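A.B. asks: The structure is given below, and queries will be raised subsequently.
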Amino acid sequence: RCGWCECSFADAGSKGVGPEGPKTLCHGCSLRFRAGFSSAPIRNEEGKYVCDNCQRAYDSTHALSGHRRFCDGGDWRCGWCECSFADAGSKGVGPEGPKTLCHGCSLRFRAGFSSAPIRNEEGKYVCDNCQRAYDSTHALSGHRRFCDGGDWRCGWCEC
């Protein structure tokens with residue numbers, strides 16, 4: 001059994017180095033030990049492993065390790081619209097490099113825009129072409145795919 005999380009080595013897949021010497025920890029705990037941690041991951045009352053930064057809980061140390069690679073403790077903000085990762089859902093490339101913009105702003109950046117969408121006094125996002133307002137950047141993006149600023153005319157009847 002692992003000296004920290006007490007999983008069986010059959011479940012862990014391999015053994016690793018720990019404070020008590022070689023082959024005393026499972027692979028996941030060994031990675032934690034080599035990264036500078038001095039104990040097993042914290043478990044909550046349900047037996048799930050808890051992230052030190054954001055307090056999210058996971059069923060296995062494997063899942064916790066995968067999460068920790070990207071966890072910022074809730075501090076990340078989009079460089080343009082200031083939304084959090086929880087609001088954005090994913091991070092994208094921007095003028096300052098990878099993972100600096102939310103997905104919506106990253107799409108705008110790749111489409112040639114140089115700033116976040118304009119917001120009105122109510123906090124809604126405004127279309128550059130027709131001035132219609134939307135509650136989210138997602139809704140604005142969906143609208144912009146078809147917005148012509150009111151200039152479109154039918155080829156047959158000119159309406």
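Chain labels A, B, ... are given in the sequence in which chains occur in the structure tokens; within each chain residues are numbered consecutively from 1, and ligands are likewise numbered from 1 in the order shown.
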Identify, on the basis of only C-alpha atoms, every residue whose closest approach to Ala133 in chain A does not exceed 9 Å; exclude the query and any residue fewer than 2 positions from it along the same chain; express the result as a list in words.
C.D. replies: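 With the cut-off at 9 Å, the set is Arg119, Asn120, Lys124, Tyr125, Val126, Cys127, Gln131, Asp135 and Leu140 of chain A.
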A.B. asks: Hey, what's within 7 Å of His103 in chain A if we count only C-alpha atoms and toss same-chain stuff fewer than 4 positions away? As a tab-separated table (two decimals) with N, CA, C and O atoms, in the first residue's frame, please?
C.D. replies:
```
chain	number	residue	atom	x	y	z
A	88	ALA	N	-15.80	31.73	-18.20
A	88	ALA	CA	-15.35	31.53	-19.58
A	88	ALA	C	-15.47	30.09	-20.04
A	88	ALA	O	-15.81	29.82	-21.18
A	90	SER	N	-13.19	28.08	-20.89
A	90	SER	CA	-11.89	27.69	-21.44
A	90	SER	C	-11.07	28.94	-21.73
A	90	SER	O	-11.60	30.04	-21.80
A	91	LYS	N	-9.77	28.72	-21.88
A	91	LYS	CA	-8.85	29.81	-22.15
A	91	LYS	C	-8.35	29.70	-23.59
A	91	LYS	O	-8.26	28.61	-24.13
A	92	GLY	N	-8.02	30.84	-24.19
A	92	GLY	CA	-7.55	30.83	-25.56
A	92	GLY	C	-6.39	31.79	-25.77
A	92	GLY	O	-6.01	32.55	-24.88
A	107	LEU	N	-11.65	34.11	-29.85
A	107	LEU	CA	-12.25	34.04	-31.18
A	107	LEU	C	-12.25	35.41	-31.84
A	107	LEU	O	-11.96	35.54	-33.03
```
A.B. asks: When DSSP is applied to the backbone of this structure, which of chain A are assigned strand (DSSP E or B)? Write them out as number ranges by chain.
C.D. replies: A: 15-18, 21-26, 42-43, 49-50, 57-58, 77, 84, 91-94, 97-102, 118-119, 125-126, 133-134
A.B. asks: List the neighbours of Cys5 in chain A out to 8 Å using only C-alpha atoms; skip same-chain residues closer than 6 positions along the sequence, and give me the result as a PyMOL selection string.
C.D. replies: chain A and resi 29+40-41
A.B. asks: To test your reading of the structure, identify every residue in range 5-151 of chain A that backbone DSSP assigns to alpha helix (DSSP H), and report it as a PyMOL selection string.
C.D. replies: chain A and resi 9-12+27-34+61-68+85-88+103-110+137-144
A.B. asks: With N, CA, C and O atoms kept, could you save the residues just selected as a short mmCIF file (atom, residue, chain, number, x, y, z; two decimals), in the first residue's frame?
C.D. replies:
```cif
data_model
loop_
_atom_site.label_atom_id
_atom_site.label_comp_id
_atom_site.auth_asym_id
_atom_site.auth_seq_id
_atom_site.Cartn_x
_atom_site.Cartn_y
_atom_site.Cartn_z
N PHE A 9 -0.89 -0.85 -4.61
CA PHE A 9 0.00 -0.60 -5.74
C PHE A 9 -0.55 -1.23 -7.02
O PHE A 9 -0.23 -0.78 -8.11
N ALA A 10 -1.41 -2.23 -6.88
CA ALA A 10 -2.04 -2.82 -8.06
C ALA A 10 -2.96 -1.79 -8.72
O ALA A 10 -3.03 -1.71 -9.95
N ASP A 11 -3.66 -0.98 -7.91
CA ASP A 11 -4.55 0.06 -8.44
C ASP A 11 -3.74 1.24 -9.01
O ASP A 11 -4.14 1.86 -9.98
N ALA A 12 -2.61 1.53 -8.38
CA ALA A 12 -1.81 2.69 -8.76
C ALA A 12 -1.02 2.48 -10.05
O ALA A 12 -0.70 3.43 -10.74
N HIS A 27 2.55 6.14 -7.70
CA HIS A 27 3.09 7.07 -8.69
C HIS A 27 2.58 8.50 -8.46
O HIS A 27 3.35 9.45 -8.48
N GLY A 28 1.26 8.65 -8.23
CA GLY A 28 0.68 9.98 -8.04
C GLY A 28 1.24 10.68 -6.81
O GLY A 28 1.60 11.86 -6.86
N CYS A 29 1.34 9.97 -5.69
CA CYS A 29 1.89 10.57 -4.47
C CYS A 29 3.38 10.85 -4.62
O CYS A 29 3.90 11.83 -4.08
N SER A 30 4.08 9.99 -5.36
CA SER A 30 5.50 10.22 -5.61
C SER A 30 5.71 11.51 -6.40
O SER A 30 6.63 12.27 -6.12
N LEU A 31 4.84 11.76 -7.37
CA LEU A 31 4.92 13.01 -8.13
C LEU A 31 4.69 14.21 -7.20
O LEU A 31 5.39 15.22 -7.30
N ARG A 32 3.74 14.08 -6.29
CA ARG A 32 3.49 15.15 -5.31
C ARG A 32 4.72 15.36 -4.45
O ARG A 32 5.12 16.49 -4.18
N PHE A 33 5.33 14.26 -3.99
CA PHE A 33 6.51 14.35 -3.12
C PHE A 33 7.66 15.05 -3.86
O PHE A 33 8.29 15.96 -3.32
N ARG A 34 7.88 14.66 -5.12
CA ARG A 34 8.97 15.27 -5.88
C ARG A 34 8.69 16.72 -6.25
O ARG A 34 9.60 17.48 -6.52
N THR A 61 -6.65 10.45 -6.88
CA THR A 61 -5.47 11.33 -6.93
C THR A 61 -5.10 11.62 -8.37
O THR A 61 -4.56 12.68 -8.68
N HIS A 62 -5.40 10.67 -9.26
CA HIS A 62 -5.14 10.88 -10.69
C HIS A 62 -5.93 12.09 -11.20
O HIS A 62 -5.39 12.94 -11.91
N ALA A 63 -7.21 12.12 -10.86
CA ALA A 63 -8.06 13.23 -11.30
C ALA A 63 -7.59 14.54 -10.68
O ALA A 63 -7.56 15.58 -11.34
N LEU A 64 -7.21 14.50 -9.40
CA LEU A 64 -6.71 15.70 -8.73
C LEU A 64 -5.43 16.19 -9.39
O LEU A 64 -5.27 17.39 -9.63
N SER A 65 -4.53 15.28 -9.73
CA SER A 65 -3.27 15.66 -10.38
C SER A 65 -3.53 16.32 -11.73
O SER A 65 -2.89 17.31 -12.08
N GLY A 66 -4.46 15.76 -12.49
CA GLY A 66 -4.81 16.35 -13.78
C GLY A 66 -5.38 17.74 -13.62
O GLY A 66 -5.08 18.65 -14.39
N HIS A 67 -6.22 17.92 -12.61
CA HIS A 67 -6.82 19.22 -12.35
C HIS A 67 -5.75 20.25 -11.94
O HIS A 67 -5.76 21.38 -12.40
N ARG A 68 -4.84 19.85 -11.09
CA ARG A 68 -3.84 20.78 -10.55
C ARG A 68 -2.93 21.36 -11.63
O ARG A 68 -2.40 22.45 -11.46
N PHE A 85 -12.25 32.22 -15.12
CA PHE A 85 -12.25 30.94 -15.83
C PHE A 85 -13.58 30.23 -15.67
O PHE A 85 -14.06 29.59 -16.59
N ALA A 86 -14.19 30.34 -14.49
CA ALA A 86 -15.49 29.70 -14.25
C ALA A 86 -16.55 30.25 -15.21
O ALA A 86 -17.41 29.51 -15.68
N ASP A 87 -16.48 31.54 -15.52
CA ASP A 87 -17.43 32.15 -16.46
C ASP A 87 -17.09 31.80 -17.90
O ASP A 87 -17.97 31.61 -18.72
N ALA A 88 -15.80 31.73 -18.20
CA ALA A 88 -15.35 31.53 -19.58
C ALA A 88 -15.47 30.09 -20.04
O ALA A 88 -15.81 29.82 -21.18
N HIS A 103 -12.45 32.15 -24.17
CA HIS A 103 -12.72 31.58 -25.48
C HIS A 103 -13.35 32.60 -26.43
O HIS A 103 -12.94 32.75 -27.58
N GLY A 104 -14.36 33.34 -25.93
CA GLY A 104 -15.04 34.32 -26.77
C GLY A 104 -14.11 35.42 -27.25
O GLY A 104 -14.11 35.77 -28.43
N CYS A 105 -13.30 35.96 -26.34
CA CYS A 105 -12.36 37.03 -26.73
C CYS A 105 -11.26 36.48 -27.63
O CYS A 105 -10.79 37.18 -28.53
N SER A 106 -10.87 35.23 -27.42
CA SER A 106 -9.87 34.61 -28.27
C SER A 106 -10.38 34.48 -29.70
O SER A 106 -9.65 34.72 -30.66
N LEU A 107 -11.65 34.11 -29.85
CA LEU A 107 -12.25 34.04 -31.18
C LEU A 107 -12.25 35.41 -31.84
O LEU A 107 -11.96 35.54 -33.03
N ARG A 108 -12.57 36.44 -31.06
CA ARG A 108 -12.54 37.81 -31.59
C ARG A 108 -11.12 38.18 -32.03
O ARG A 108 -10.93 38.75 -33.09
N PHE A 109 -10.13 37.83 -31.20
CA PHE A 109 -8.73 38.14 -31.53
C PHE A 109 -8.32 37.46 -32.83
O PHE A 109 -7.72 38.08 -33.71
N ARG A 110 -8.66 36.17 -32.98
CA ARG A 110 -8.29 35.44 -34.18
C ARG A 110 -9.04 35.93 -35.41
O ARG A 110 -8.58 35.75 -36.53
N THR A 137 -21.20 37.39 -24.28
CA THR A 137 -20.36 37.40 -25.47
C THR A 137 -20.74 36.26 -26.40
O THR A 137 -20.61 36.37 -27.61
N HIS A 138 -21.21 35.17 -25.81
CA HIS A 138 -21.64 34.02 -26.63
C HIS A 138 -22.81 34.42 -27.53
O HIS A 138 -22.83 34.10 -28.71
N ALA A 139 -23.79 35.10 -26.95
CA ALA A 139 -24.95 35.55 -27.74
C ALA A 139 -24.52 36.55 -28.80
O ALA A 139 -24.98 36.51 -29.94
N LEU A 140 -23.61 37.46 -28.44
CA LEU A 140 -23.11 38.44 -29.41
C LEU A 140 -22.38 37.75 -30.55
O LEU A 140 -22.57 38.10 -31.72
N SER A 141 -21.57 36.74 -30.23
CA SER A 141 -20.84 36.00 -31.27
C SER A 141 -21.80 35.32 -32.24
O SER A 141 -21.59 35.33 -33.45
N GLY A 142 -22.86 34.71 -31.70
CA GLY A 142 -23.85 34.07 -32.55
C GLY A 142 -24.54 35.07 -33.47
O GLY A 142 -24.79 34.80 -34.65
N HIS A 143 -24.84 36.24 -32.94
CA HIS A 143 -25.48 37.29 -33.74
C HIS A 143 -24.53 37.79 -34.84
O HIS A 143 -24.94 37.97 -35.99
N ARG A 144 -23.27 38.01 -34.49
CA ARG A 144 -22.31 38.60 -35.43
C ARG A 144 -22.08 37.74 -36.67
O ARG A 144 -21.70 38.26 -37.71
#
```
A.B. asks: Using only C-alpha atoms, which residue out of A:Glu45, A:Asp148, A:Glu6, A:Glu122 lies closest to Thr24 in chain A?
C.D. replies: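 Of A:Glu45, A:Asp148, A:Glu6, A:Glu122, the one nearest Thr24 in chain A, counting only C-alpha atoms, is A:Glu6.
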A.B. asks: In Å, rounded to a single decimal, give me how far CA of Arg132 in chain A is from CA of Gly155 in chain A.
C.D. replies: 24.9 Å
A.B. asks: Point out the residue among A:Ser38, A:Pro98, A:Gly123, A:Arg69 with the least atom-to-atom distance to Cys81 in chain A, counting only C-alpha atoms.
C.D. replies: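 Distance minimum relative to Cys81 in chain A lands on A:Gly123.
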A.B. asks: Between CA of Pro22 in chain A and CA of Phe37 in chain A, what is the distance in Å, rounded to a tenth?
C.D. replies: 16.3 Å
A.B. asks: Take CA of Gln55 in chain A and CA of Cys78 in chain A and report the distance between them in Å, one decimal.
C.D. replies: 21.5 Å
